[in-house]
file upload.cif (mmCIF, N, CA and C atoms)
data_model
loop_
_atom_site.label_atom_id
_atom_site.label_comp_id
_atom_site.auth_asym_id
_atom_site.auth_seq_id
_atom_site.Cartn_x
_atom_site.Cartn_y
_atom_site.Cartn_z
N MET G 217 -11.70 52.62 117.46
CA MET G 217 -11.35 54.04 117.40
C MET G 217 -10.37 54.28 116.25
N GLN G 218 -10.63 55.30 115.48
CA GLN G 218 -9.80 55.65 114.35
C GLN G 218 -9.06 56.97 114.65
N VAL G 219 -8.07 57.29 113.82
CA VAL G 219 -7.30 58.51 114.03
C VAL G 219 -8.21 59.73 113.97
N HIS G 220 -9.22 59.69 113.08
CA HIS G 220 -10.09 60.86 112.96
C HIS G 220 -11.07 60.98 114.13
N ASP G 221 -11.14 59.96 114.99
CA ASP G 221 -12.01 60.03 116.17
C ASP G 221 -11.30 60.66 117.38
N VAL G 222 -9.99 60.81 117.31
CA VAL G 222 -9.23 61.33 118.45
C VAL G 222 -9.54 62.80 118.64
N ARG G 223 -9.86 63.17 119.86
CA ARG G 223 -10.17 64.56 120.18
C ARG G 223 -9.17 65.08 121.22
N PRO G 224 -8.86 66.37 121.20
CA PRO G 224 -7.94 66.90 122.20
C PRO G 224 -8.54 66.84 123.60
N THR G 225 -7.68 66.74 124.62
CA THR G 225 -8.17 66.64 126.01
C THR G 225 -8.55 68.00 126.56
N TYR G 226 -8.15 69.06 125.89
CA TYR G 226 -8.47 70.40 126.35
C TYR G 226 -9.48 71.02 125.37
N PRO G 227 -10.30 71.96 125.82
CA PRO G 227 -11.29 72.55 124.91
C PRO G 227 -10.62 73.42 123.85
N ARG G 228 -10.98 73.20 122.60
CA ARG G 228 -10.42 74.01 121.51
C ARG G 228 -11.20 75.32 121.45
N GLN G 229 -10.47 76.43 121.18
CA GLN G 229 -11.13 77.72 121.12
C GLN G 229 -10.61 78.46 119.90
N GLU G 230 -11.53 79.06 119.17
CA GLU G 230 -11.14 79.83 118.00
C GLU G 230 -10.43 81.10 118.44
N ARG G 231 -9.48 81.57 117.62
CA ARG G 231 -8.80 82.82 117.89
C ARG G 231 -9.79 83.97 117.71
N LYS G 232 -9.77 84.92 118.65
CA LYS G 232 -10.68 86.05 118.56
C LYS G 232 -10.17 87.01 117.50
N ARG G 233 -11.01 87.28 116.47
CA ARG G 233 -10.61 88.17 115.39
C ARG G 233 -11.06 89.59 115.76
N VAL G 234 -10.10 90.36 116.25
CA VAL G 234 -10.45 91.70 116.72
C VAL G 234 -10.42 92.70 115.57
N GLY G 235 -11.13 93.79 115.74
CA GLY G 235 -11.11 94.86 114.75
C GLY G 235 -11.88 94.54 113.49
N ARG G 236 -12.90 93.69 113.57
CA ARG G 236 -13.71 93.33 112.40
C ARG G 236 -15.16 93.76 112.62
N GLY G 237 -15.35 94.95 113.13
CA GLY G 237 -16.70 95.44 113.36
C GLY G 237 -17.09 95.30 114.83
N ASN G 238 -18.19 95.93 115.21
CA ASN G 238 -18.60 95.95 116.61
C ASN G 238 -19.07 94.60 117.12
N GLY G 239 -19.28 93.65 116.25
CA GLY G 239 -19.70 92.32 116.70
C GLY G 239 -18.53 91.53 117.29
N SER G 240 -17.33 91.93 117.00
CA SER G 240 -16.18 91.16 117.48
C SER G 240 -15.15 92.08 118.11
N LYS G 241 -15.42 92.52 119.32
CA LYS G 241 -14.51 93.41 120.05
C LYS G 241 -14.13 94.59 119.13
N GLY G 242 -15.12 95.32 118.73
CA GLY G 242 -14.93 96.38 117.74
C GLY G 242 -14.37 97.66 118.33
N THR G 243 -14.61 98.75 117.66
CA THR G 243 -14.17 100.10 118.00
C THR G 243 -12.65 100.17 118.16
N TYR G 244 -12.13 100.04 119.37
CA TYR G 244 -10.68 100.17 119.55
C TYR G 244 -9.96 98.82 119.56
N SER G 245 -10.68 97.73 119.48
CA SER G 245 -10.12 96.38 119.37
C SER G 245 -9.19 96.02 120.53
N GLY G 246 -9.48 96.49 121.72
CA GLY G 246 -8.69 96.13 122.89
C GLY G 246 -7.37 96.86 122.99
N LYS G 247 -7.20 97.92 122.16
CA LYS G 247 -5.93 98.63 122.17
C LYS G 247 -6.03 99.99 122.85
N GLY G 248 -7.14 100.27 123.48
CA GLY G 248 -7.28 101.56 124.14
C GLY G 248 -7.46 102.66 123.11
N MET G 249 -7.13 103.89 123.49
CA MET G 249 -7.31 105.03 122.58
C MET G 249 -5.95 105.54 122.11
N LYS G 250 -5.82 105.75 120.85
CA LYS G 250 -4.66 106.38 120.21
C LYS G 250 -3.31 105.91 120.76
N GLY G 251 -2.28 106.58 120.38
CA GLY G 251 -0.95 106.27 120.89
C GLY G 251 -0.18 105.28 120.02
N GLN G 252 1.12 105.16 120.31
CA GLN G 252 2.01 104.33 119.50
C GLN G 252 1.58 102.87 119.51
N LYS G 253 1.13 102.38 120.67
CA LYS G 253 0.76 100.96 120.76
C LYS G 253 -0.60 100.65 120.14
N ALA G 254 -1.37 101.70 119.77
CA ALA G 254 -2.67 101.48 119.15
C ALA G 254 -2.55 101.37 117.64
N ARG G 255 -1.44 101.81 117.07
CA ARG G 255 -1.28 101.82 115.62
C ARG G 255 -0.92 100.43 115.10
N SER G 256 -1.14 100.22 113.81
CA SER G 256 -0.74 98.95 113.23
C SER G 256 0.78 98.93 113.12
N GLY G 257 1.37 97.84 113.54
CA GLY G 257 2.83 97.74 113.54
C GLY G 257 3.46 98.57 114.64
N GLY G 258 2.65 99.12 115.53
CA GLY G 258 3.16 100.00 116.57
C GLY G 258 3.76 99.23 117.73
N GLY G 259 4.40 99.94 118.61
CA GLY G 259 5.04 99.35 119.76
C GLY G 259 6.53 99.63 119.71
N VAL G 260 7.24 99.28 120.77
CA VAL G 260 8.67 99.53 120.83
C VAL G 260 9.41 98.21 120.82
N ARG G 261 10.68 98.25 120.44
CA ARG G 261 11.47 97.02 120.34
C ARG G 261 11.77 96.48 121.75
N PRO G 262 12.11 95.21 121.86
CA PRO G 262 12.46 94.65 123.17
C PRO G 262 13.68 95.36 123.75
N GLY G 263 13.63 95.69 125.02
CA GLY G 263 14.74 96.34 125.68
C GLY G 263 14.69 97.86 125.62
N PHE G 264 13.71 98.41 124.91
CA PHE G 264 13.58 99.87 124.82
C PHE G 264 13.06 100.41 126.14
N GLU G 265 13.72 101.45 126.67
CA GLU G 265 13.35 101.98 127.98
C GLU G 265 12.95 103.45 127.90
N GLY G 266 12.19 103.77 126.85
CA GLY G 266 11.65 105.12 126.76
C GLY G 266 12.66 106.17 126.37
N GLY G 267 13.79 105.79 125.85
CA GLY G 267 14.79 106.75 125.40
C GLY G 267 15.97 106.89 126.34
N GLN G 268 15.82 106.49 127.61
CA GLN G 268 16.99 106.52 128.49
C GLN G 268 17.94 105.40 128.08
N ASN G 269 19.21 105.51 128.50
CA ASN G 269 20.18 104.50 128.10
C ASN G 269 19.75 103.14 128.65
N PRO G 270 19.53 102.15 127.79
CA PRO G 270 19.02 100.86 128.27
C PRO G 270 20.03 100.14 129.16
N GLN G 271 19.53 99.30 130.02
CA GLN G 271 20.37 98.57 130.97
C GLN G 271 21.42 97.73 130.23
N ILE G 272 21.04 97.14 129.10
CA ILE G 272 21.95 96.26 128.37
C ILE G 272 23.17 97.03 127.84
N LYS G 273 22.98 98.34 127.57
CA LYS G 273 24.12 99.14 127.08
C LYS G 273 25.03 99.58 128.21
N GLY G 274 24.54 99.53 129.45
CA GLY G 274 25.36 99.89 130.59
C GLY G 274 26.23 98.75 131.08
N LEU G 275 25.95 97.53 130.61
CA LEU G 275 26.71 96.36 131.04
C LEU G 275 27.93 96.18 130.15
N PRO G 276 29.02 95.66 130.68
CA PRO G 276 30.17 95.39 129.82
C PRO G 276 29.84 94.28 128.82
N MET G 277 30.59 94.28 127.74
CA MET G 277 30.37 93.25 126.72
C MET G 277 30.92 91.93 127.24
N MET G 278 30.03 91.03 127.59
CA MET G 278 30.47 89.73 128.10
C MET G 278 30.11 88.67 127.08
N ARG G 279 31.02 88.45 126.16
CA ARG G 279 30.75 87.48 125.12
C ARG G 279 31.37 86.14 125.45
N GLY G 280 30.93 85.12 124.75
CA GLY G 280 31.53 83.81 124.91
C GLY G 280 30.86 83.00 126.00
N PHE G 281 31.56 81.98 126.43
CA PHE G 281 30.99 81.00 127.34
C PHE G 281 32.07 80.51 128.27
N HIS G 282 31.75 80.40 129.55
CA HIS G 282 32.69 79.85 130.53
C HIS G 282 32.15 78.52 131.01
N ASN G 283 32.88 77.44 130.73
CA ASN G 283 32.44 76.11 131.14
C ASN G 283 32.84 75.88 132.60
N PRO G 284 31.87 75.77 133.51
CA PRO G 284 32.23 75.60 134.92
C PRO G 284 32.82 74.23 135.22
N PHE G 285 32.70 73.28 134.31
CA PHE G 285 33.18 71.92 134.56
C PHE G 285 34.54 71.65 133.92
N ARG G 286 35.14 72.65 133.27
CA ARG G 286 36.43 72.46 132.62
C ARG G 286 37.50 72.18 133.67
N VAL G 287 38.38 71.24 133.38
CA VAL G 287 39.48 70.91 134.28
C VAL G 287 40.77 71.44 133.66
N GLU G 288 41.45 72.34 134.36
CA GLU G 288 42.73 72.90 133.90
C GLU G 288 43.86 72.05 134.46
N TYR G 289 44.60 71.39 133.59
CA TYR G 289 45.72 70.56 134.02
C TYR G 289 47.02 71.35 133.99
N GLN G 290 47.90 71.07 134.92
CA GLN G 290 49.27 71.57 134.87
C GLN G 290 50.05 70.54 134.05
N VAL G 291 50.73 71.00 133.03
CA VAL G 291 51.37 70.09 132.08
C VAL G 291 52.84 69.90 132.43
N VAL G 292 53.27 68.63 132.44
CA VAL G 292 54.69 68.30 132.65
C VAL G 292 55.09 67.35 131.53
N ASN G 293 56.18 67.68 130.83
CA ASN G 293 56.68 66.81 129.77
C ASN G 293 57.75 65.87 130.31
N LEU G 294 57.94 64.74 129.61
CA LEU G 294 58.95 63.77 130.03
C LEU G 294 60.35 64.37 130.03
N ALA G 295 60.63 65.28 129.10
CA ALA G 295 61.94 65.93 129.04
C ALA G 295 62.23 66.66 130.35
N ARG G 296 61.20 67.24 130.95
CA ARG G 296 61.37 67.96 132.23
C ARG G 296 61.64 66.97 133.36
N LEU G 297 61.01 65.80 133.32
CA LEU G 297 61.25 64.78 134.35
C LEU G 297 62.67 64.21 134.23
N GLU G 298 63.16 64.14 133.01
CA GLU G 298 64.52 63.62 132.78
C GLU G 298 65.57 64.57 133.37
N GLU G 299 65.26 65.86 133.43
CA GLU G 299 66.21 66.85 133.95
C GLU G 299 66.32 66.83 135.47
N LEU G 300 65.37 66.18 136.15
CA LEU G 300 65.38 66.15 137.62
C LEU G 300 66.62 65.42 138.13
N PRO G 301 67.05 65.69 139.38
CA PRO G 301 68.24 65.02 139.93
C PRO G 301 68.16 63.50 139.83
N ALA G 302 69.31 62.87 139.62
CA ALA G 302 69.39 61.43 139.34
C ALA G 302 68.96 60.58 140.54
N ASP G 303 69.10 61.10 141.77
CA ASP G 303 68.77 60.30 142.95
C ASP G 303 67.26 60.17 143.18
N ILE G 304 66.44 60.93 142.44
CA ILE G 304 64.98 60.87 142.59
C ILE G 304 64.45 59.74 141.72
N THR G 305 63.71 58.82 142.35
CA THR G 305 63.10 57.72 141.59
C THR G 305 61.58 57.75 141.67
N GLU G 306 61.05 58.35 142.73
CA GLU G 306 59.60 58.43 142.90
C GLU G 306 59.16 59.89 142.76
N ILE G 307 58.26 60.13 141.81
CA ILE G 307 57.83 61.49 141.53
C ILE G 307 56.37 61.64 141.92
N THR G 308 56.09 62.60 142.81
CA THR G 308 54.72 62.87 143.28
C THR G 308 54.39 64.34 143.01
N PRO G 309 53.11 64.70 143.04
CA PRO G 309 52.73 66.11 142.83
C PRO G 309 53.37 67.05 143.85
N VAL G 310 53.47 66.62 145.12
CA VAL G 310 54.08 67.46 146.16
C VAL G 310 55.55 67.71 145.85
N MET G 311 56.26 66.66 145.38
CA MET G 311 57.66 66.80 145.05
C MET G 311 57.85 67.71 143.83
N LEU G 312 56.97 67.58 142.84
CA LEU G 312 57.05 68.43 141.64
C LEU G 312 56.84 69.89 142.01
N ALA G 313 55.92 70.15 142.95
CA ALA G 313 55.67 71.52 143.39
C ALA G 313 56.86 72.07 144.17
N SER G 314 57.49 71.24 145.00
CA SER G 314 58.64 71.70 145.79
C SER G 314 59.85 71.99 144.89
N LEU G 315 59.97 71.26 143.77
CA LEU G 315 61.05 71.50 142.82
C LEU G 315 60.69 72.58 141.79
N ARG G 316 59.51 73.15 141.94
CA ARG G 316 58.99 74.22 141.06
C ARG G 316 58.83 73.78 139.60
N VAL G 317 58.52 72.50 139.42
CA VAL G 317 58.19 72.01 138.07
C VAL G 317 56.75 72.40 137.75
N VAL G 318 55.88 72.33 138.78
CA VAL G 318 54.51 72.82 138.68
C VAL G 318 54.30 73.85 139.79
N ARG G 319 53.25 74.65 139.66
CA ARG G 319 53.01 75.71 140.64
C ARG G 319 52.28 75.20 141.88
N HIS G 320 51.30 74.30 141.66
CA HIS G 320 50.45 73.88 142.77
C HIS G 320 50.42 72.36 142.89
N ALA G 321 50.60 71.85 144.10
CA ALA G 321 50.58 70.41 144.32
C ALA G 321 49.15 69.88 144.35
N ASP G 322 48.18 70.74 144.68
CA ASP G 322 46.80 70.28 144.84
C ASP G 322 45.98 70.37 143.55
N LYS G 323 46.52 70.98 142.50
CA LYS G 323 45.80 71.05 141.23
C LYS G 323 46.20 69.87 140.35
N PRO G 324 45.30 69.43 139.43
CA PRO G 324 45.59 68.25 138.62
C PRO G 324 46.81 68.42 137.70
N ILE G 325 47.55 67.33 137.56
CA ILE G 325 48.77 67.33 136.74
C ILE G 325 48.62 66.29 135.64
N LYS G 326 49.02 66.67 134.42
CA LYS G 326 49.02 65.72 133.30
C LYS G 326 50.43 65.61 132.75
N VAL G 327 50.89 64.37 132.60
CA VAL G 327 52.22 64.11 132.07
C VAL G 327 52.08 63.82 130.58
N LEU G 328 52.83 64.59 129.77
CA LEU G 328 52.80 64.43 128.32
C LEU G 328 54.10 63.80 127.84
N GLY G 329 54.06 63.21 126.65
CA GLY G 329 55.19 62.40 126.17
C GLY G 329 56.23 63.12 125.36
N GLU G 330 56.37 64.43 125.47
CA GLU G 330 57.38 65.15 124.70
C GLU G 330 58.75 64.94 125.34
N GLY G 331 59.71 64.51 124.55
CA GLY G 331 61.04 64.22 125.07
C GLY G 331 61.22 62.74 125.34
N GLU G 332 62.41 62.37 125.74
CA GLU G 332 62.72 60.97 126.02
C GLU G 332 63.06 60.81 127.50
N ILE G 333 62.87 59.59 128.00
CA ILE G 333 63.22 59.28 129.38
C ILE G 333 64.08 58.01 129.37
N THR G 334 65.19 58.04 130.09
CA THR G 334 66.13 56.93 130.03
C THR G 334 66.19 56.13 131.32
N ARG G 335 65.70 56.68 132.42
CA ARG G 335 65.82 55.97 133.70
C ARG G 335 64.45 55.53 134.21
N SER G 336 64.47 54.57 135.13
CA SER G 336 63.26 54.01 135.70
C SER G 336 62.70 54.96 136.75
N LEU G 337 61.48 55.44 136.53
CA LEU G 337 60.83 56.36 137.47
C LEU G 337 59.45 55.83 137.84
N GLN G 338 59.06 56.08 139.08
CA GLN G 338 57.69 55.78 139.51
C GLN G 338 56.98 57.12 139.59
N VAL G 339 56.10 57.39 138.62
CA VAL G 339 55.47 58.70 138.49
C VAL G 339 54.01 58.63 138.93
N LYS G 340 53.62 59.56 139.82
CA LYS G 340 52.23 59.66 140.28
C LYS G 340 51.68 61.00 139.80
N ALA G 341 50.60 60.96 139.01
CA ALA G 341 49.98 62.18 138.50
C ALA G 341 48.50 61.91 138.26
N THR G 342 47.75 62.96 137.95
CA THR G 342 46.31 62.82 137.71
C THR G 342 46.05 62.08 136.41
N LYS G 343 46.78 62.46 135.34
CA LYS G 343 46.57 61.84 134.03
C LYS G 343 47.89 61.69 133.30
N PHE G 344 47.90 60.76 132.34
CA PHE G 344 49.06 60.54 131.49
C PHE G 344 48.58 60.43 130.04
N SER G 345 49.35 60.99 129.11
CA SER G 345 49.04 60.76 127.71
C SER G 345 49.51 59.34 127.37
N GLY G 346 48.99 58.80 126.29
CA GLY G 346 49.34 57.43 125.90
C GLY G 346 50.82 57.27 125.63
N SER G 347 51.42 58.27 124.95
CA SER G 347 52.85 58.17 124.63
C SER G 347 53.71 58.29 125.88
N ALA G 348 53.29 59.13 126.84
CA ALA G 348 54.06 59.28 128.08
C ALA G 348 54.04 57.99 128.87
N ARG G 349 52.87 57.36 128.97
CA ARG G 349 52.73 56.10 129.69
C ARG G 349 53.63 55.04 129.06
N ALA G 350 53.60 54.95 127.72
CA ALA G 350 54.39 53.95 127.00
C ALA G 350 55.90 54.17 127.21
N LYS G 351 56.35 55.42 127.16
CA LYS G 351 57.78 55.72 127.30
C LYS G 351 58.27 55.44 128.73
N ILE G 352 57.45 55.77 129.73
CA ILE G 352 57.84 55.53 131.13
C ILE G 352 57.95 54.03 131.39
N GLU G 353 56.96 53.27 130.90
CA GLU G 353 56.98 51.82 131.11
C GLU G 353 58.08 51.15 130.30
N ALA G 354 58.40 51.70 129.12
CA ALA G 354 59.48 51.14 128.29
C ALA G 354 60.84 51.34 128.97
N ALA G 355 60.97 52.42 129.75
CA ALA G 355 62.22 52.69 130.46
C ALA G 355 62.31 51.92 131.77
N GLY G 356 61.31 51.08 132.06
CA GLY G 356 61.32 50.27 133.26
C GLY G 356 60.62 50.92 134.45
N GLY G 357 59.96 52.02 134.23
CA GLY G 357 59.26 52.72 135.31
C GLY G 357 57.81 52.29 135.41
N SER G 358 57.07 52.96 136.28
CA SER G 358 55.64 52.67 136.45
C SER G 358 54.87 53.96 136.62
N VAL G 359 53.59 53.91 136.25
CA VAL G 359 52.72 55.09 136.38
C VAL G 359 51.62 54.77 137.38
N LEU G 360 51.26 55.77 138.17
CA LEU G 360 50.18 55.64 139.15
C LEU G 360 49.24 56.82 138.93
N GLU G 361 48.06 56.52 138.42
CA GLU G 361 47.11 57.57 138.06
C GLU G 361 46.18 57.85 139.24
N GLY G 362 45.85 59.11 139.41
CA GLY G 362 44.86 59.43 140.44
C GLY G 362 45.23 60.48 141.37
#

call {"tool": "encode", "arguments": {"input": "upload.cif", "output": "structure tokens"}}
result
Amino acid sequence: MQVHDVRPTYPRQERKRVGRGNGSKGTYSGKGMKGQKARSGGGVRPGFEGGQNPQIKGLPMMRGFHNPFRVEYQVVNLARLEELPADITEITPVMLASLRVVRHADKPIKVLGEGEITRSLQVKATKFSGSARAKIEAAGGSVLEG
């Protein structure tokens, strides 16, 4: 079998050439009688509703895109952790929410490395930036992700 021997699995059909005399769907060529849709180039644009205000113009302008999978993190910097009372050594999302460092204990928290930390802290959060992790561990603390 050669490439030129390959045939399509479905029957091939020629396009019907309308409007080329009475032998080929002649007279009105399947367009009915007169009217805007019978003319060459005739018809209305998509969304046209006969002159009444189209539905698309009645809707508010909703541009852009909303990603349903985006995760919004509550951000906490190391400088803010350093300001916490000295007797606190273990930092959890519930404790951060009770101290009003973050608004919600149940939403994800990300610790960023802005500022310095001098004391040993055990920090539990959803995520840590690389610099925050390095600074916490350099100060003798530990990070617990999750």

call {"tool": "select_by_dssp", "arguments": {"input": "upload.cif", "residues": "chain G", "states": "helix (DSSP H, G or I)", "output": "JSON list (two decimals) with N, CA and C atoms, keeping the file's coordinate frame"}}
result
[["chain", "number", "residue", "atom", "x", "y", "z"],
["G", 219, "VAL", "N", -8.07, 57.29, 113.82],
["G", 219, "VAL", "CA", -7.30, 58.51, 114.03],
["G", 219, "VAL", "C", -8.21, 59.73, 113.97],
["G", 220, "HIS", "N", -9.22, 59.69, 113.08],
["G", 220, "HIS", "CA", -10.09, 60.86, 112.96],
["G", 220, "HIS", "C", -11.07, 60.98, 114.13],
["G", 221, "ASP", "N", -11.14, 59.96, 114.99],
["G", 221, "ASP", "CA", -12.01, 60.03, 116.17],
["G", 221, "ASP", "C", -11.30, 60.66, 117.38],
["G", 252, "GLN", "N", 1.12, 105.16, 120.31],
["G", 252, "GLN", "CA", 2.01, 104.33, 119.50],
["G", 252, "GLN", "C", 1.58, 102.87, 119.51],
["G", 253, "LYS", "N", 1.13, 102.38, 120.67],
["G", 253, "LYS", "CA", 0.76, 100.96, 120.76],
["G", 253, "LYS", "C", -0.60, 100.65, 120.14],
["G", 254, "ALA", "N", -1.37, 101.70, 119.77],
["G", 254, "ALA", "CA", -2.67, 101.48, 119.15],
["G", 254, "ALA", "C", -2.55, 101.37, 117.64],
["G", 271, "GLN", "N", 19.53, 99.30, 130.02],
["G", 271, "GLN", "CA", 20.37, 98.57, 130.97],
["G", 271, "GLN", "C", 21.42, 97.73, 130.23],
["G", 272, "ILE", "N", 21.04, 97.14, 129.10],
["G", 272, "ILE", "CA", 21.95, 96.26, 128.37],
["G", 272, "ILE", "C", 23.17, 97.03, 127.84],
["G", 273, "LYS", "N", 22.98, 98.34, 127.57],
["G", 273, "LYS", "CA", 24.12, 99.14, 127.08],
["G", 273, "LYS", "C", 25.03, 99.58, 128.21],
["G", 274, "GLY", "N", 24.54, 99.53, 129.45],
["G", 274, "GLY", "CA", 25.36, 99.89, 130.59],
["G", 274, "GLY", "C", 26.23, 98.75, 131.08],
["G", 294, "LEU", "N", 57.94, 64.74, 129.61],
["G", 294, "LEU", "CA", 58.95, 63.77, 130.03],
["G", 294, "LEU", "C", 60.35, 64.37, 130.03],
["G", 295, "ALA", "N", 60.63, 65.28, 129.10],
["G", 295, "ALA", "CA", 61.94, 65.93, 129.04],
["G", 295, "ALA", "C", 62.23, 66.66, 130.35],
["G", 296, "ARG", "N", 61.20, 67.24, 130.95],
["G", 296, "ARG", "CA", 61.37, 67.96, 132.23],
["G", 296, "ARG", "C", 61.64, 66.97, 133.36],
["G", 297, "LEU", "N", 61.01, 65.80, 133.32],
["G", 297, "LEU", "CA", 61.25, 64.78, 134.35],
["G", 297, "LEU", "C", 62.67, 64.21, 134.23],
["G", 298, "GLU", "N", 63.16, 64.14, 133.01],
["G", 298, "GLU", "CA", 64.52, 63.62, 132.78],
["G", 298, "GLU", "C", 65.57, 64.57, 133.37],
["G", 309, "PRO", "N", 53.11, 64.70, 143.04],
["G", 309, "PRO", "CA", 52.73, 66.11, 142.83],
["G", 309, "PRO", "C", 53.37, 67.05, 143.85],
["G", 310, "VAL", "N", 53.47, 66.62, 145.12],
["G", 310, "VAL", "CA", 54.08, 67.46, 146.16],
["G", 310, "VAL", "C", 55.55, 67.71, 145.85],
["G", 311, "MET", "N", 56.26, 66.66, 145.38],
["G", 311, "MET", "CA", 57.66, 66.80, 145.05],
["G", 311, "MET", "C", 57.85, 67.71, 143.83],
["G", 312, "LEU", "N", 56.97, 67.58, 142.84],
["G", 312, "LEU", "CA", 57.05, 68.43, 141.64],
["G", 312, "LEU", "C", 56.84, 69.89, 142.01],
["G", 313, "ALA", "N", 55.92, 70.15, 142.95],
["G", 313, "ALA", "CA", 55.67, 71.52, 143.39],
["G", 313, "ALA", "C", 56.86, 72.07, 144.17],
["G", 314, "SER", "N", 57.49, 71.24, 145.00],
["G", 314, "SER", "CA", 58.64, 71.70, 145.79],
["G", 314, "SER", "C", 59.85, 71.99, 144.89],
["G", 346, "GLY", "N", 48.99, 58.80, 126.29],
["G", 346, "GLY", "CA", 49.34, 57.43, 125.90],
["G", 346, "GLY", "C", 50.82, 57.27, 125.63],
["G", 347, "SER", "N", 51.42, 58.27, 124.95],
["G", 347, "SER", "CA", 52.85, 58.17, 124.63],
["G", 347, "SER", "C", 53.71, 58.29, 125.88],
["G", 348, "ALA", "N", 53.29, 59.13, 126.84],
["G", 348, "ALA", "CA", 54.06, 59.28, 128.08],
["G", 348, "ALA", "C", 54.04, 57.99, 128.87],
["G", 349, "ARG", "N", 52.87, 57.36, 128.97],
["G", 349, "ARG", "CA", 52.73, 56.10, 129.69],
["G", 349, "ARG", "C", 53.63, 55.04, 129.06],
["G", 350, "ALA", "N", 53.60, 54.95, 127.72],
["G", 350, "ALA", "CA", 54.39, 53.95, 127.00],
["G", 350, "ALA", "C", 55.90, 54.17, 127.21],
["G", 351, "LYS", "N", 56.35, 55.42, 127.16],
["G", 351, "LYS", "CA", 57.78, 55.72, 127.30],
["G", 351, "LYS", "C", 58.27, 55.44, 128.73],
["G", 352, "ILE", "N", 57.45, 55.77, 129.73],
["G", 352, "ILE", "CA", 57.84, 55.53, 131.13],
["G", 352, "ILE", "C", 57.95, 54.03, 131.39],
["G", 353, "GLU", "N", 56.96, 53.27, 130.90],
["G", 353, "GLU", "CA", 56.98, 51.82, 131.11],
["G", 353, "GLU", "C", 58.08, 51.15, 130.30],
["G", 354, "ALA", "N", 58.40, 51.70, 129.12],
["G", 354, "ALA", "CA", 59.48, 51.14, 128.29],
["G", 354, "ALA", "C", 60.84, 51.34, 128.97]]

call {"tool": "atom_distance", "arguments": {"input": "upload.cif", "atom1": "CA of Gly266 in chain G", "atom2": "CA of Gly251 in chain G"}}
result
13.9 Å

call {"tool": "resolve_selection", "arguments": {"input": "upload.cif", "expression": "the PyMOL selection byres (((chain G and resi 318 and name CA) around 12) and name CA)", "output": "PyMOL selection string"}}
result
chain G and resi 289-293+296-297+308-317+319-327+341

call {"tool": "atom_distance", "arguments": {"input": "upload.cif", "atom1": "atom C of Lys232 in chain G", "atom2": "atom N of Gln252 in chain G"}}
result
21.6 Å

call {"tool": "atom_distance", "arguments": {"input": "upload.cif", "atom1": "CA of Gly356 in chain G", "atom2": "atom C of Lys343 in chain G"}}
result
17.6 Å

call {"tool": "resolve_selection", "arguments": {"input": "upload.cif", "expression": "the PyMOL selection byres (((chain G and resi 295 and name CA) around 8) and name CA)", "output": "PyMOL selection string"}}
result
chain G and resi 293-294+296-299+330-333

call {"tool": "resolve_selection", "arguments": {"input": "upload.cif", "expression": "the PyMOL selection byres ((chain G and resi 335) around 6)", "output": "list in words"}}
result
Ile333, Thr334, Ser336, Leu337, Ala355, Gly356 and Gly357 of chain G

call {"tool": "select_by_dssp", "arguments": {"input": "upload.cif", "residues": "chain G", "states": "strand (DSSP E)", "output": "number ranges by chain"}}
result
G: 290-293, 306-307, 325-328, 338-341, 343-344, 358-361

call {"tool": "axis_aligned_box", "arguments": {"input": "upload.cif", "around": "range 257-266 of chain G", "padding_each_side": "3 Å", "output": "lines of an AutoDock Vina configuration file"}}
result
center_x = 8.1
center_y = 100.4
center_z = 120.8
size_x = 19.4
size_y = 17.5
size_z = 20.4

call {"tool": "closest_residue", "arguments": {"input": "upload.cif", "among": "G:Ser358, G:Ser256, G:Gln268, G:Thr342", "to": "Glu306 in chain G", "atoms": "only C-alpha atoms"}}
result
G:Ser358

call {"tool": "residues_around", "arguments": {"input": "upload.cif", "residues": "range 244-249 of chain G", "least_positions_apart": "2", "cutoff": "6 Å", "atoms": "only N, CA and C atoms", "output": "number ranges by chain"}}
result
G: 234-235, 241-242, 251, 254
